[in-house]
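Undergrad: Following this message is one structure expressed as structure tokens.
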Amino acid sequence: MKKLWIEKSILVLIITVSLVTMIVYGHQKEGYHLDEIYSYGLANSEYLPFMHFGESGYDVKDWMSEYGAGESLRDLVTNLIKDFQILKECGFDIYGSEIYQDYLVAQANSADTYTTTWVSGQDYRDYLAVSESNTFNYASVYYNQRGDVHPPLYYILLHTVCSVFQGTFSKWFGLGINFAMLTATLLLLYHMIKKHLGGTMVALSVTAAYGLSNGFMTSAMYLRMYALLTFMTVLYCHVHLEIASCDFEVKGKKRLLLVVSTLGGFLTHYYFVLYAIGIAAVFVVWMSICKRWKPLLQYLLTLFCTTVGGLCIWPFALKHVFQGYRGQASLGTILSGEFYLSKTKLIIDHVMWQLMGGQWWLLLPGIVLFAIIFIRSRGKNIPVAKGLLLVLPVVWYVLLVSQIVPYLVERYVMCTFPFWCLFVVAGVTYAMNKLVKKPWKLWVPALAGAMLLLFGNCYGNPPDYLYPGGQETVMVPDHTDCVYVLPDDSWNESAGDSSILAQCDNVAVVYKNELDCLNGTYEYEAGRVLMVSIHRELDIEAVLEDVKKVLSVEGLQESTRLYGGNAVNILLTE
């Protein structure tokens with residue numbers, strides 16, 4: 001009983017320190033990666049995947065009101081009856097119906113573009129935060145993700161949280177989801193290791209190693225779906241270990257968990273499918289060697305039905321993977337057979353930096369010792385197949401993902417971070433047990449030393465995505481209008497500064513070579529502030545003078561420069 005109390009106390013301490021550290025870093029987070037802004041926009045903007053600048057006319061929101069979900073269940077039922085009548089009258093020619101033709105117009109008008117007219121800063125607030133008419137509007141989230149390159153589960157969670165705090169934008173909404181998912185991951189990781197892999201002390205050590213690492217904090221600070229993906233990945237591994245421990249019987253609670261983890265992972269990120277394929281391949285071979293044919297059939301049938309169900313829930317996955325620009329690029333790389341180990345090394349370099357301060361020497365002996373555990377273990381025997389189930393899917397995932405990712409950065413392999421910690425800590429644990437006659441005497445100082453080492457690494461190397469852009473530091477005065485100037489022929493990077501532009505009364509986004517279109521569109525009023533946001537790639541001083549001339553405000557004087565986001569923000573006043 002006393003031992004159990006000590007064990008739980010240590011686990012609570014680890015999770016508490018980890019949670020406090022996440023909160024400390026969350027408080028320090030000063031800005032947003034562009035994709036983090038898109039997380040909020042895709043989740044909260046009403047039928048508008050990417051910020052539309054300017055007058056749109058008949059758009060998708062209007063179309064949904066006329067033919068789709070509307071704003072209530074009554075609207076939906078009424079529209080479905082009307083839609084059926086329209087289709088019946090045209091012989092169920094969907095593409096020739098007015099429904100589809102109006103949709104094409106609405107979609108074109110809602111396309112991502114820039115404007116040469118002034119729009120309200122409220123438009124930016126409505127892009128980031130849930131507006132009054134858009135609370136708990138999952139049809140909007142579903143539509144927005146159709147136009148993106150990711151499945152919708154994370155955005156549904158974010159929209160749910162933001163709907164509770166209607167009209168408010170805060171980094172803490174996304175951080176809260178990350179904190180919850182990663183804390184759940186720590187608890188699940190501990191339970192999985194304790195029950196299936198190495199006992200209590202190994203479980204505590206791995207949990208501490210991961211929960212206090214820089215990689216864990218980076219996962220927490222990045223306002224995207226990767227914390228949720230990490231939880232789903234660990235859950236998927238845990239479910240398979242559970243099934244294996246019960247003589248491969250796929251039924252009851254374990255079948256339900258298999259379905260939930262498979263669906264959850266698929267609806268979080270398409271890369272999860274690669275990990276799932278690796279796990280399934282090892283599991284099928286393992287069951288075949290054990291001649292468990294009936295459970296094998298049940299397992300494959302469950303995965304097949306879950307896959308079909310997932311595609312029914314999210315059929316746009318096929319379009320994203322086979323026709324989307326990211327999907328086609330990834331498939332092109334795989335089909336071409338052009339694989340470069342140098343890419344894999346760069347990805348692993350990121351893993352080592354995030355988890356072990358760049359110390360490669362900690363990884364190699366750890367993996368070797370980890371392999372020995374499964375080859376030479378006696379008594380409470382751990383099958384070699386269980387070790388392969390842990391290692392091979394991670395190796396497969398990292399090798400393949402490193403070849404197809406658009407950027408060689410750590411975010412795409414964050415979901416494997418817990419397993420890297422497991423490989424190293426379990427290997428060191430094995431060595432300790434062999435070298436020391438009473439290894440339990442070393443557990444307390446070893447665990448404390450590991451916590452201090454990793455905690456020091458975490459604080460010595462602030463997590464990535466902590467200060468990107470620095471938008472949180474830009475506080476725009478009241479009664480401010482803004483002209484945002486982009487480089488010629490660039491894509492609309494002003495979306496990344498939505499949290500800044502949302503503080504303005506009126507905003508105009510324009511390319512540098514089209515500044516003249518603003519001529520005569522603005523009349524300065526006494527007491528107001530004009531903010532000129534100039535993309536950092538441009539000649540700041542030259543563009544500033546051009547803007548003053550075009551808007552006929554050459555008499556205004558520069559009062560302040562606010563550095564944050566993608567632009568230099570210059571405040572002009574009388």
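Chain labels run A, B, ... following the order of the structure tokens; each chain numbers its residues from 1, and ligands are numbered from 1 in the order shown.
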Would you please give, as a PyMOL selection string, all residues of region 62-214 of chain A that DSSP assigns to alpha helix (DSSP H) based on the backbone?
TA: chain A and resi 62-67+73-89+98-109+121-128+138-146+153-164+171-196+200-211+214
Undergrad: Show which residues sit within 9 Å of Cys482 (chain A), as a VMD selection string. Count only C-alpha atoms, and ignore same-chain residues fewer than 6 positions away.
TA: chain A and resid 501 504 to 509 529 to 533 571
Undergrad: Next, the residues of the selection above should be written as a PDB file, in the first residue's frame with N, CA and C atoms.
TA:
```pdb
ATOM      1  N   LEU A 501      -4.404  43.015 -36.982  1.00  0.00           N
ATOM      2  CA  LEU A 501      -5.361  43.741 -37.812  1.00  0.00           C
ATOM      3  C   LEU A 501      -6.753  43.745 -37.190  1.00  0.00           C
ATOM      4  N   CYS A 504      -7.757  46.900 -35.372  1.00  0.00           N
ATOM      5  CA  CYS A 504      -7.977  48.135 -36.132  1.00  0.00           C
ATOM      6  C   CYS A 504      -9.458  48.319 -36.451  1.00  0.00           C
ATOM      7  N   ASP A 505      -9.840  49.555 -36.744  1.00  0.00           N
ATOM      8  CA  ASP A 505     -11.219  49.848 -37.144  1.00  0.00           C
ATOM      9  C   ASP A 505     -11.454  49.468 -38.600  1.00  0.00           C
ATOM     10  N   ASN A 506     -10.512  49.855 -39.462  1.00  0.00           N
ATOM     11  CA  ASN A 506     -10.635  49.588 -40.897  1.00  0.00           C
ATOM     12  C   ASN A 506      -9.286  49.151 -41.447  1.00  0.00           C
ATOM     13  N   VAL A 507      -9.319  48.254 -42.434  1.00  0.00           N
ATOM     14  CA  VAL A 507      -8.080  47.693 -42.976  1.00  0.00           C
ATOM     15  C   VAL A 507      -8.175  47.634 -44.497  1.00  0.00           C
ATOM     16  N   ALA A 508      -7.060  47.959 -45.159  1.00  0.00           N
ATOM     17  CA  ALA A 508      -6.937  47.761 -46.603  1.00  0.00           C
ATOM     18  C   ALA A 508      -5.665  46.971 -46.859  1.00  0.00           C
ATOM     19  N   VAL A 509      -5.777  45.881 -47.603  1.00  0.00           N
ATOM     20  CA  VAL A 509      -4.615  45.063 -47.950  1.00  0.00           C
ATOM     21  C   VAL A 509      -4.345  45.255 -49.432  1.00  0.00           C
ATOM     22  N   VAL A 529      -5.578  57.385 -35.750  1.00  0.00           N
ATOM     23  CA  VAL A 529      -4.212  56.926 -36.017  1.00  0.00           C
ATOM     24  C   VAL A 529      -4.240  56.128 -37.318  1.00  0.00           C
ATOM     25  N   LEU A 530      -3.270  56.374 -38.178  1.00  0.00           N
ATOM     26  CA  LEU A 530      -3.112  55.575 -39.393  1.00  0.00           C
ATOM     27  C   LEU A 530      -1.899  54.674 -39.214  1.00  0.00           C
ATOM     28  N   MET A 531      -2.120  53.373 -39.287  1.00  0.00           N
ATOM     29  CA  MET A 531      -1.011  52.429 -39.168  1.00  0.00           C
ATOM     30  C   MET A 531      -0.684  51.891 -40.556  1.00  0.00           C
ATOM     31  N   VAL A 532       0.569  52.020 -40.952  1.00  0.00           N
ATOM     32  CA  VAL A 532       1.034  51.468 -42.221  1.00  0.00           C
ATOM     33  C   VAL A 532       1.866  50.228 -41.905  1.00  0.00           C
ATOM     34  N   SER A 533       1.325  49.049 -42.241  1.00  0.00           N
ATOM     35  CA  SER A 533       2.023  47.782 -42.004  1.00  0.00           C
ATOM     36  C   SER A 533       2.709  47.379 -43.292  1.00  0.00           C
ATOM     37  N   LEU A 571       3.005  53.723 -36.900  1.00  0.00           N
ATOM     38  CA  LEU A 571       1.847  54.520 -36.516  1.00  0.00           C
ATOM     39  C   LEU A 571       2.075  55.976 -36.918  1.00  0.00           C
TER      40      LEU A 571
END
```
Undergrad: Quick one: residues within 12 Å of Gly176 (chain A), only C-alpha atoms counted, chain neighbours fewer than 6 positions away excluded, as an NGL selection string?
TA: :A and (19 or 22-23 or 26-27 or 157-158 or 161-162 or 170 or 182-183 or 220-224 or 227-228)
Undergrad: What's around Leu301 (chain A) at 12 Å? Count only C-alpha atoms, leave out sequence neighbours fewer than 4 positions away in its own chain, and write the answer as a ChimeraX atom specification.
TA: /A:250-251,255,258-259,294-297,305-308
Undergrad: Sorted by chain and rising residue number, list the residues of region 227-297 of chain A at most 12 Å from region 312-318 of chain A (counting only C-alpha atoms), each with its closest atom pair and distance in Å to one decimal, as CSV.
TA:
```
residue,atom,partner,partner_atom,distance
A:Leu263,CA,A:Ile313,CA,9.5
A:Gly264,CA,A:Ile313,CA,11.5
A:Phe266,CA,A:Ala317,CA,9.3
A:Leu267,CA,A:Trp314,CA,7.7
A:Thr268,CA,A:Trp314,CA,11.0
A:His269,CA,A:Ala317,CA,10.0
A:Tyr270,CA,A:Ala317,CA,8.0
A:Tyr271,CA,A:Ala317,CA,11.7
A:Val273,CA,A:Ala317,CA,11.4
```
Undergrad: Output C-alpha atoms of each residue in that selection to a file, as a PDB file, in the first residue's frame.
TA:
```pdb
ATOM      1  CA  LEU A 263     -10.981   6.784 -36.376  1.00  0.00           C
ATOM      2  CA  GLY A 264      -9.546   9.413 -34.036  1.00  0.00           C
ATOM      3  CA  PHE A 266      -7.362   9.245 -39.132  1.00  0.00           C
ATOM      4  CA  LEU A 267      -9.591  12.264 -38.450  1.00  0.00           C
ATOM      5  CA  THR A 268      -6.691  14.097 -36.798  1.00  0.00           C
ATOM      6  CA  HIS A 269      -3.957  13.815 -39.442  1.00  0.00           C
ATOM      7  CA  TYR A 270      -3.420  11.752 -42.574  1.00  0.00           C
ATOM      8  CA  TYR A 271       0.127  10.869 -41.505  1.00  0.00           C
ATOM      9  CA  VAL A 273      -2.374   6.245 -41.400  1.00  0.00           C
TER      10      VAL A 273
END
```
Undergrad: Find the residue from A:Asn137, A:Val550, A:Thr560, A:Arg528 that sits nearest to Glu514 (chain A); use only C-alpha atoms when measuring.
TA: A:Val550
Undergrad: For Trp63 (chain A), please output as a compact mmCIF listing (two decimals) with N, CA and C atoms, in the first residue's frame all residues within 9 Å (counting only C-alpha atoms; exclusion window: fewer than 6 positions along the same chain).
TA:
```txt
# COMPACT_ATOMS: atom_id res chain seq x y z
N GLY A 70 -28.32 26.06 -42.75
CA GLY A 70 -29.00 27.22 -42.17
C GLY A 70 -28.48 27.51 -40.78
N ILE A 99 -28.88 24.28 -57.58
CA ILE A 99 -28.17 24.13 -56.30
C ILE A 99 -26.67 24.13 -56.54
N ASP A 102 -25.37 27.54 -58.16
CA ASP A 102 -25.25 28.58 -57.14
C ASP A 102 -24.06 28.32 -56.22
N TYR A 103 -23.80 27.04 -55.98
CA TYR A 103 -22.64 26.70 -55.13
C TYR A 103 -21.33 27.13 -55.79
N ALA A 106 -20.98 30.80 -55.25
CA ALA A 106 -20.69 31.09 -53.84
C ALA A 106 -19.24 30.74 -53.49
```
Undergrad: Would you mind telling me which residue in A:Phe136, A:Phe173, A:Tyr522, A:Phe417 lies nearest to Met352 (chain A) when using only C-alpha atoms?
TA: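 Smallest distance to Met352 (chain A) is found for A:Phe417.
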Undergrad: Name all residues at most 9 Å from region 331-342 of chain A (count only C-alpha atoms; drop same-chain ones fewer than 4 positions away) and give them as a count of residues only.
TA: 11
Undergrad: Between A:Tyr407, A:Trp420, A:Tyr124, A:Tyr511, which has the minimum distance to Thr207 (chain A) (counting only C-alpha atoms)?
TA: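 Closest residue, counting only C-alpha atoms: A:Trp420.
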Undergrad: I need the residue nearest Leu235 (chain A) from this list: A:Leu186, A:Gly199, A:Gly278, A:Glu46. Use only C-alpha atoms for the distance.
TA: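 Nearest to Leu235 (chain A): A:Leu186.
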Undergrad: Between CA of Phe50 (chain A) and CA of Met225 (chain A), what distance in Å does the model show, to one decimal?
TA: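 Pair CA of Phe50 (chain A) / CA of Met225 (chain A) returns 17.9 Å.
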Undergrad: With distances taken over only C-alpha atoms, which of A:Ala184, A:Ile500, A:Leu551, A:Leu572 is nearest to Gln122 (chain A)?
TA: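 Closest to Gln122 (chain A), using only C-alpha atoms: A:Ile500.
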